[in-house]
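Colleague: This is structure.csv (CSV, C-alpha atoms (C1' of nucleotides)).
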chain,number,residue,atom,x,y,z
I,12,MET,CA,100.6,-38.9,-6.0
I,13,VAL,CA,99.6,-35.2,-6.1
I,14,LYS,CA,100.9,-33.3,-3.1
I,15,ARG,CA,98.5,-30.9,-1.3
I,16,VAL,CA,99.8,-28.2,1.0
I,17,THR,CA,97.6,-27.3,4.0
I,18,LYS,CA,97.6,-23.9,5.8
I,19,THR,CA,99.3,-25.3,8.9
I,20,GLU,CA,102.0,-26.9,6.6
I,21,ARG,CA,102.5,-23.5,5.0
I,22,GLU,CA,103.0,-21.8,8.4
I,23,ARG,CA,105.5,-24.5,9.3
I,24,VAL,CA,107.4,-24.0,6.0
I,25,GLN,CA,107.5,-20.2,6.6
I,26,LYS,CA,109.0,-20.7,10.1
I,27,ILE,CA,111.7,-22.9,8.6
I,28,LEU,CA,112.4,-20.3,5.8
I,29,ASP,CA,112.5,-17.5,8.4
I,30,LEU,CA,115.0,-19.4,10.5
I,31,LEU,CA,117.2,-20.2,7.4
I,32,ASP,CA,117.1,-16.5,6.5
I,33,GLU,CA,118.1,-15.6,10.1
I,34,HIS,CA,121.1,-18.0,10.2
I,35,TYR,CA,122.4,-18.0,6.6
I,36,THR,CA,123.0,-15.6,3.8
I,37,ARG,CA,120.3,-14.1,1.7
I,38,GLU,CA,122.6,-13.6,-1.2
I,39,TYR,CA,122.2,-15.6,-4.4
I,40,LYS,CA,125.9,-16.3,-4.2
I,41,CYS,CA,126.9,-19.9,-5.0
I,42,TYR,CA,130.0,-21.6,-3.6
I,43,LEU,CA,131.5,-22.3,-7.0
I,44,ASN,CA,134.0,-19.7,-8.3
I,45,TYR,CA,133.4,-18.2,-11.7
I,46,GLU,CA,133.6,-15.0,-13.8
I,47,THR,CA,131.4,-15.8,-16.7
I,48,PRO,CA,128.2,-17.9,-17.4
I,49,TRP,CA,130.1,-20.5,-19.3
I,50,GLN,CA,132.7,-20.8,-16.5
I,51,LEU,CA,129.8,-21.6,-14.0
I,52,LEU,CA,128.5,-24.1,-16.5
I,53,ILE,CA,131.8,-26.0,-16.6
I,54,ALA,CA,132.3,-25.7,-12.8
I,55,VAL,CA,128.9,-27.3,-12.2
I,56,ILE,CA,129.6,-30.1,-14.7
I,57,LEU,CA,132.8,-30.7,-12.7
I,58,SER,CA,130.9,-30.7,-9.4
I,59,ALA,CA,129.1,-34.0,-9.9
I,60,GLN,CA,130.0,-36.2,-6.9
I,61,CYS,CA,132.8,-33.8,-5.9
I,62,THR,CA,133.2,-31.1,-3.3
I,63,ASP,CA,132.9,-27.5,-4.4
I,64,ALA,CA,136.2,-26.8,-2.6
I,65,ARG,CA,137.9,-29.4,-4.9
I,66,VAL,CA,136.2,-27.9,-8.0
I,67,ASN,CA,137.4,-24.4,-7.1
I,68,ILE,CA,141.0,-25.7,-6.8
I,69,VAL,CA,140.8,-27.2,-10.3
I,70,THR,CA,139.0,-24.4,-12.0
I,71,LYS,CA,141.4,-21.8,-10.7
I,72,ASP,CA,144.1,-23.3,-13.0
I,73,LEU,CA,141.7,-24.5,-15.6
I,74,PHE,CA,140.3,-21.1,-16.4
I,75,GLN,CA,143.9,-19.7,-16.5
I,76,LYS,CA,144.7,-22.3,-19.2
I,77,TYR,CA,141.5,-22.2,-21.2
I,78,HIS,CA,140.4,-18.6,-21.6
I,79,THR,CA,137.4,-19.2,-23.9
I,80,VAL,CA,134.6,-21.6,-24.8
I,81,GLU,CA,136.5,-22.1,-28.1
I,82,ALA,CA,139.6,-23.3,-26.1
I,83,PHE,CA,137.5,-26.0,-24.4
I,84,ALA,CA,135.8,-27.0,-27.7
I,85,ASN,CA,139.3,-27.4,-29.3
I,86,ALA,CA,140.9,-29.1,-26.2
I,87,GLU,CA,142.6,-32.4,-26.5
I,88,GLN,CA,140.5,-34.9,-24.5
I,89,LYS,CA,143.5,-36.6,-22.9
I,90,GLU,CA,145.0,-33.4,-21.8
I,91,LEU,CA,141.7,-32.1,-20.4
I,92,GLU,CA,141.2,-35.3,-18.6
I,93,ASN,CA,144.6,-34.7,-16.9
I,94,ASP,CA,143.6,-31.1,-16.1
I,95,ILE,CA,140.4,-32.1,-14.3
I,96,HIS,CA,141.6,-35.5,-13.0
I,97,SER,CA,141.1,-34.8,-9.3
I,98,THR,CA,137.4,-34.1,-9.6
I,99,GLY,CA,136.7,-37.7,-10.4
I,100,PHE,CA,134.7,-39.1,-13.3
I,101,TYR,CA,137.3,-37.3,-15.4
I,102,LYS,CA,136.8,-39.2,-18.7
I,103,ASN,CA,133.1,-38.5,-18.8
I,104,LYS,CA,133.5,-35.0,-17.6
I,105,ALA,CA,136.3,-34.2,-20.2
I,106,LYS,CA,134.3,-35.7,-23.0
I,107,ASN,CA,131.1,-33.9,-22.0
I,108,ILE,CA,132.8,-30.5,-21.5
I,109,ILE,CA,134.3,-30.7,-25.0
I,110,LEU,CA,131.0,-31.7,-26.6
I,111,CYS,CA,129.2,-29.1,-24.5
I,112,ALA,CA,131.6,-26.4,-25.6
I,113,LYS,CA,131.2,-27.4,-29.3
I,114,ARG,CA,127.4,-27.2,-29.1
I,115,LEU,CA,127.5,-23.9,-27.3
I,116,ILE,CA,129.5,-22.5,-30.3
I,117,GLU,CA,127.7,-24.3,-33.1
I,118,VAL,CA,124.1,-23.9,-31.9
I,119,TYR,CA,124.1,-21.0,-29.4
I,120,GLY,CA,126.7,-18.7,-30.7
I,121,GLY,CA,129.0,-19.3,-27.8
I,122,GLU,CA,126.4,-18.1,-25.3
I,123,VAL,CA,124.9,-20.1,-22.5
I,124,PRO,CA,121.2,-20.7,-23.3
I,125,ARG,CA,118.4,-19.9,-20.9
I,126,THR,CA,115.7,-22.5,-21.1
I,127,LEU,CA,115.7,-25.9,-19.3
I,128,GLU,CA,115.3,-27.6,-22.6
I,129,GLU,CA,118.2,-25.9,-24.3
I,130,LEU,CA,120.5,-26.3,-21.3
I,131,THR,CA,119.8,-30.0,-20.9
I,132,SER,CA,120.5,-30.5,-24.6
I,133,LEU,CA,124.1,-29.8,-23.7
I,134,ALA,CA,126.4,-32.8,-22.9
I,135,GLY,CA,126.9,-33.3,-19.2
I,136,VAL,CA,124.1,-30.9,-18.3
I,137,GLY,CA,121.1,-32.4,-16.5
I,138,ARG,CA,118.3,-30.9,-14.6
I,139,LYS,CA,120.3,-29.9,-11.6
I,140,THR,CA,123.0,-28.2,-13.6
I,141,ALA,CA,120.5,-26.4,-15.8
I,142,ASN,CA,118.6,-25.1,-12.8
I,143,VAL,CA,121.8,-23.8,-11.2
I,144,ILE,CA,122.5,-21.8,-14.4
I,145,ARG,CA,118.9,-20.5,-14.6
I,146,GLY,CA,118.9,-19.4,-11.0
I,147,ASN,CA,122.4,-18.0,-10.7
I,148,ILE,CA,122.9,-16.5,-14.2
I,149,TYR,CA,119.4,-15.6,-15.3
I,150,ASN,CA,117.8,-15.1,-11.9
I,151,GLU,CA,114.9,-17.3,-13.0
I,152,PRO,CA,113.0,-18.9,-10.1
I,153,SER,CA,114.3,-22.5,-10.2
I,154,ILE,CA,114.8,-25.3,-7.7
I,155,VAL,CA,118.1,-27.2,-7.6
I,156,VAL,CA,117.9,-30.7,-6.2
I,157,ASP,CA,121.3,-31.8,-5.3
I,158,THR,CA,122.4,-34.3,-2.6
I,159,HIS,CA,121.9,-31.9,0.2
I,160,VAL,CA,118.5,-30.6,-0.9
I,161,LYS,CA,117.3,-34.1,-1.4
I,162,ARG,CA,118.4,-35.3,2.0
I,163,ILE,CA,117.3,-32.3,4.0
I,164,SER,CA,114.0,-31.7,2.2
I,165,ARG,CA,113.1,-35.2,3.1
I,166,LYS,CA,114.1,-34.8,6.7
I,167,LEU,CA,112.0,-31.5,6.9
I,168,GLY,CA,109.0,-33.4,5.5
I,169,PHE,CA,108.8,-31.3,2.3
I,170,THR,CA,108.8,-34.4,0.2
I,171,LYS,CA,108.8,-38.2,0.5
I,172,GLU,CA,110.0,-38.8,-3.1
I,173,GLU,CA,113.4,-40.3,-4.1
I,174,ASP,CA,113.5,-39.0,-7.7
I,175,PRO,CA,115.1,-35.6,-7.9
I,176,GLU,CA,112.6,-34.4,-10.5
I,177,LYS,CA,109.7,-35.4,-8.3
I,178,ILE,CA,111.3,-33.7,-5.3
I,179,GLU,CA,111.7,-30.6,-7.5
I,180,TYR,CA,107.9,-30.5,-8.2
I,181,ASP,CA,107.0,-31.1,-4.5
I,182,LEU,CA,109.3,-28.2,-3.5
I,183,MET,CA,107.7,-26.0,-6.1
I,184,LYS,CA,104.4,-26.5,-4.3
I,185,VAL,CA,105.8,-26.2,-0.8
I,186,LEU,CA,108.1,-23.2,-1.2
I,187,PRO,CA,107.1,-19.7,-2.1
I,188,LYS,CA,108.7,-18.8,-5.5
I,189,GLU,CA,110.8,-16.0,-4.0
I,190,HIS,CA,112.6,-18.6,-1.9
I,191,TRP,CA,113.3,-21.1,-4.7
I,192,ILE,CA,116.9,-20.0,-5.6
I,193,LEU,CA,117.8,-19.0,-2.0
I,194,TYR,CA,116.6,-22.3,-0.5
I,195,ASN,CA,119.1,-24.3,-2.4
I,196,ILE,CA,122.1,-22.2,-1.3
I,197,GLN,CA,120.9,-22.1,2.3
I,198,ILE,CA,120.3,-25.8,2.4
I,199,ILE,CA,123.7,-26.5,1.1
I,200,THR,CA,125.2,-24.4,3.8
I,201,HIS,CA,123.1,-26.2,6.3
I,202,GLY,CA,124.0,-29.6,4.9
I,203,ARG,CA,127.7,-28.8,5.0
I,204,GLY,CA,127.7,-27.4,8.5
I,205,LEU,CA,125.0,-28.9,10.7
I,206,CYS,CA,122.7,-31.3,8.8
I,207,THR,CA,125.6,-33.4,7.4
I,208,ALA,CA,124.9,-36.8,5.8
I,209,ARG,CA,126.9,-38.8,8.3
I,210,ASN,CA,126.9,-37.3,11.8
I,211,PRO,CA,124.3,-34.5,11.8
I,212,LYS,CA,124.7,-32.1,14.6
I,213,CYS,CA,121.0,-32.2,15.7
I,214,GLU,CA,121.8,-30.9,19.2
I,215,GLU,CA,123.1,-27.7,17.7
I,216,CYS,CA,120.5,-27.4,14.9
I,217,PHE,CA,118.2,-24.4,15.0
I,218,LEU,CA,115.6,-26.4,13.0
I,219,ARG,CA,115.5,-29.2,15.6
I,220,GLU,CA,112.0,-28.5,16.8
I,221,LEU,CA,110.6,-28.3,13.3
I,222,CYS,CA,112.4,-31.3,11.9
I,223,LYS,CA,110.5,-34.5,11.1
I,224,GLU,CA,113.8,-36.4,12.0
I,225,LYS,CA,115.4,-39.3,10.2
J,22,DC,C1',119.5,-50.1,-12.9
J,23,DT,C1',124.6,-49.6,-13.7
J,24,DC,C1',128.7,-47.2,-14.6
J,25,DC,C1',131.7,-43.4,-14.2
J,26,DC,C1',136.0,-42.3,-10.1
J,27,DG,C1',139.3,-39.1,-7.1
J,28,DA,C1',139.7,-36.8,-2.5
J,29,DT,C1',138.5,-36.4,2.1
J,30,DA,C1',136.3,-37.2,6.7
J,31,DT,C1',135.0,-40.6,9.9
T,24,DA,C1',137.7,-49.7,5.4
T,25,DT,C1',133.8,-47.0,4.0
T,26,DA,C1',130.6,-43.2,3.3
T,27,DT,C1',130.1,-39.1,0.9
T,28,DC,C1',130.7,-35.2,-2.1
T,29,DA,C1',126.5,-28.9,-5.7
T,30,DG,C1',125.1,-35.8,-11.1
T,31,DG,C1',124.6,-37.4,-15.8
T,32,DA,C1',124.3,-40.8,-19.4
T,33,DG,C1',123.4,-45.3,-21.5
Is it possible to give me this structure as structure tokens?
Modeller:
Amino acid sequence: MVKRVTKTERERVQKILDLLDEHYTREYKCYLNYETPWQLLIAVILSAQCTDARVNIVTKDLFQKYHTVEAFANAEQKELENDIHSTGFYKNKAKNIILCAKRLIEVYGGEVPRTLEELTSLAGVGRKTANVIRGNIYNEPSIVVDTHVKRISRKLGFTKEEDPEKIEYDLMKVLPKEHWILYNIQIITHGRGLCTARNPKCEECFLRELCKEK
DNA sequence: CTCCCGATAT
DNA sequence: ATATCAGGAG
């Protein structure tokens, strides 16, 4: 189904974006700690079904131990599994990180590629991870659909889809391009503080009036 | 669709 | 005890 956006819908969207800008940061600063593009790539791979706080604890030691992409490419899988154990899914993540690092070196000269197609050709890198890299590293307008963006975008009536890729396309039509990267960061902040998955603090929410509710 | 999976809040 | 966390692959 093709989504159409009417003028009144656009005005409602703009009100929500204004309120988000008013209450949350306008910086393209993500919650995962990193120094280099490849460090962000690994941090995002580790972040699957894991809190960013946990990932930051793990990567602090991890990036002290493995200084380069080559170090990850040559890592012993069992040892890397142990190093990232607390993030969960550690066998898949360790295997993917090693394969990803090898391909970064063999195909992309050790650099993190820029296009969605190139990024998703890397092991452990799907659409969500690729879009984080495109937005945060290359400043390319991109929409990241994670668990918070999915839940809250549906509550706000921006989409009725379940599939993250379809949600991404709906949000592209609903949101002005200048807000694509920022939206994700602000919604995560909102999803962690007020619009939580379990007991959302609707009474305290500044979007209460504009929310389509459950 | 299922599996991968530990840590934390409720 | 259970839901949830910056998902991805087979």
Colleague: Please determine, counting only C-alpha atoms (C1' of nucleotides), which residue among I:Asp157, I:Glu214, I:Glu151, I:Glu179 has the shortest atom-to-atom distance to DG30 (chain T).
Modeller: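 Of the candidates, the smallest distance to DG30 (chain T) is held by I:Asp157.
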Colleague: Could you give me, as CSV, a per-residue list for chain I showing, wherever an atom lies at most 9 Å from an atom of chain J, the closest pair of atoms and their distance in Å to one decimal, using only C-alpha atoms (C1' of nucleotides) and sorting by chain then residue number from low to high?
Modeller:
residue,atom,partner,partner_atom,distance
I:Cys61,CA,J:DA28,C1',8.3
I:Thr62,CA,J:DA28,C1',8.7
I:Arg65,CA,J:DA28,C1',8.0
I:His96,CA,J:DG27,C1',7.3
I:Ser97,CA,J:DG27,C1',5.2
I:Thr98,CA,J:DG27,C1',5.9
I:Gly99,CA,J:DG27,C1',4.4
I:Phe100,CA,J:DC26,C1',4.7
I:Tyr101,CA,J:DC26,C1',7.4
I:Lys102,CA,J:DC25,C1',8.0
I:Asn103,CA,J:DC25,C1',6.9
I:Arg209,CA,J:DT31,C1',8.5
I:Asn210,CA,J:DT31,C1',9.0
Colleague: Limited to C-alpha atoms, could you put the picked residues into a file as a PDB file, keeping the file's coordinate frame?
Modeller:
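So the final result, stored in part32.pdb, reads:
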ATOM      1  CA  CYS I  61     132.800 -33.800  -5.900  1.00  0.00           C
ATOM      2  CA  THR I  62     133.200 -31.100  -3.300  1.00  0.00           C
ATOM      3  CA  ARG I  65     137.900 -29.400  -4.900  1.00  0.00           C
ATOM      4  CA  HIS I  96     141.600 -35.500 -13.000  1.00  0.00           C
ATOM      5  CA  SER I  97     141.100 -34.800  -9.300  1.00  0.00           C
ATOM      6  CA  THR I  98     137.400 -34.100  -9.600  1.00  0.00           C
ATOM      7  CA  GLY I  99     136.700 -37.700 -10.400  1.00  0.00           C
ATOM      8  CA  PHE I 100     134.700 -39.100 -13.300  1.00  0.00           C
ATOM      9  CA  TYR I 101     137.300 -37.300 -15.400  1.00  0.00           C
ATOM     10  CA  LYS I 102     136.800 -39.200 -18.700  1.00  0.00           C
ATOM     11  CA  ASN I 103     133.100 -38.500 -18.800  1.00  0.00           C
ATOM     12  CA  ARG I 209     126.900 -38.800   8.300  1.00  0.00           C
ATOM     13  CA  ASN I 210     126.900 -37.300  11.800  1.00  0.00           C
TER      14      ASN I 210
END
Colleague: Check every residue of chain I for an atom within 9 Å of chain T, counting all atoms listed in the file, and provide those that qualify as a PyMOL selection string.
Modeller: chain I and resi 42-43+55-56+58-63+134-137+139-140+143+155-159+199+208-209
Colleague: Please measure the separation of CA of Val24 (chain I) and CA of Ser164 (chain I), giving the value in Å to one decimal.
Modeller: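 Separation of CA of Val24 (chain I) and CA of Ser164 (chain I): 10.8 Å.
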Colleague: Quick one: pull the distance between CA of Gly120 (chain I) and CA of Leu52 (chain I), Å, one decimal.
Modeller: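 Computing the Euclidean distance for CA of Gly120 (chain I) and CA of Leu52 (chain I) yields 15.3 Å.
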Colleague: Between I:Ile198, I:Asn147, I:Phe83, I:Thr19, which residue has the minimum interatomic distance to Cys41 (chain I), considering all atoms listed in the file?
Modeller: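 Closest candidate: I:Asn147.
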Colleague: Could you please determine the separation between CA of Glu33 (chain I) and CA of Asn67 (chain I) in Å, to one decimal place?
Modeller: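 So the answer is 27.3 Å.
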Colleague: Can you list, as a VMD selection string, every protein, DNA or RNA residue that comes within 10 Å of Thr207 (chain I) when you count all atoms listed in the file, leaving out same-chain residues fewer than 4 positions away?
Modeller: (chain I and resid 159 162 to 163 199 to 203 211 to 213) or (chain T and resid 27)
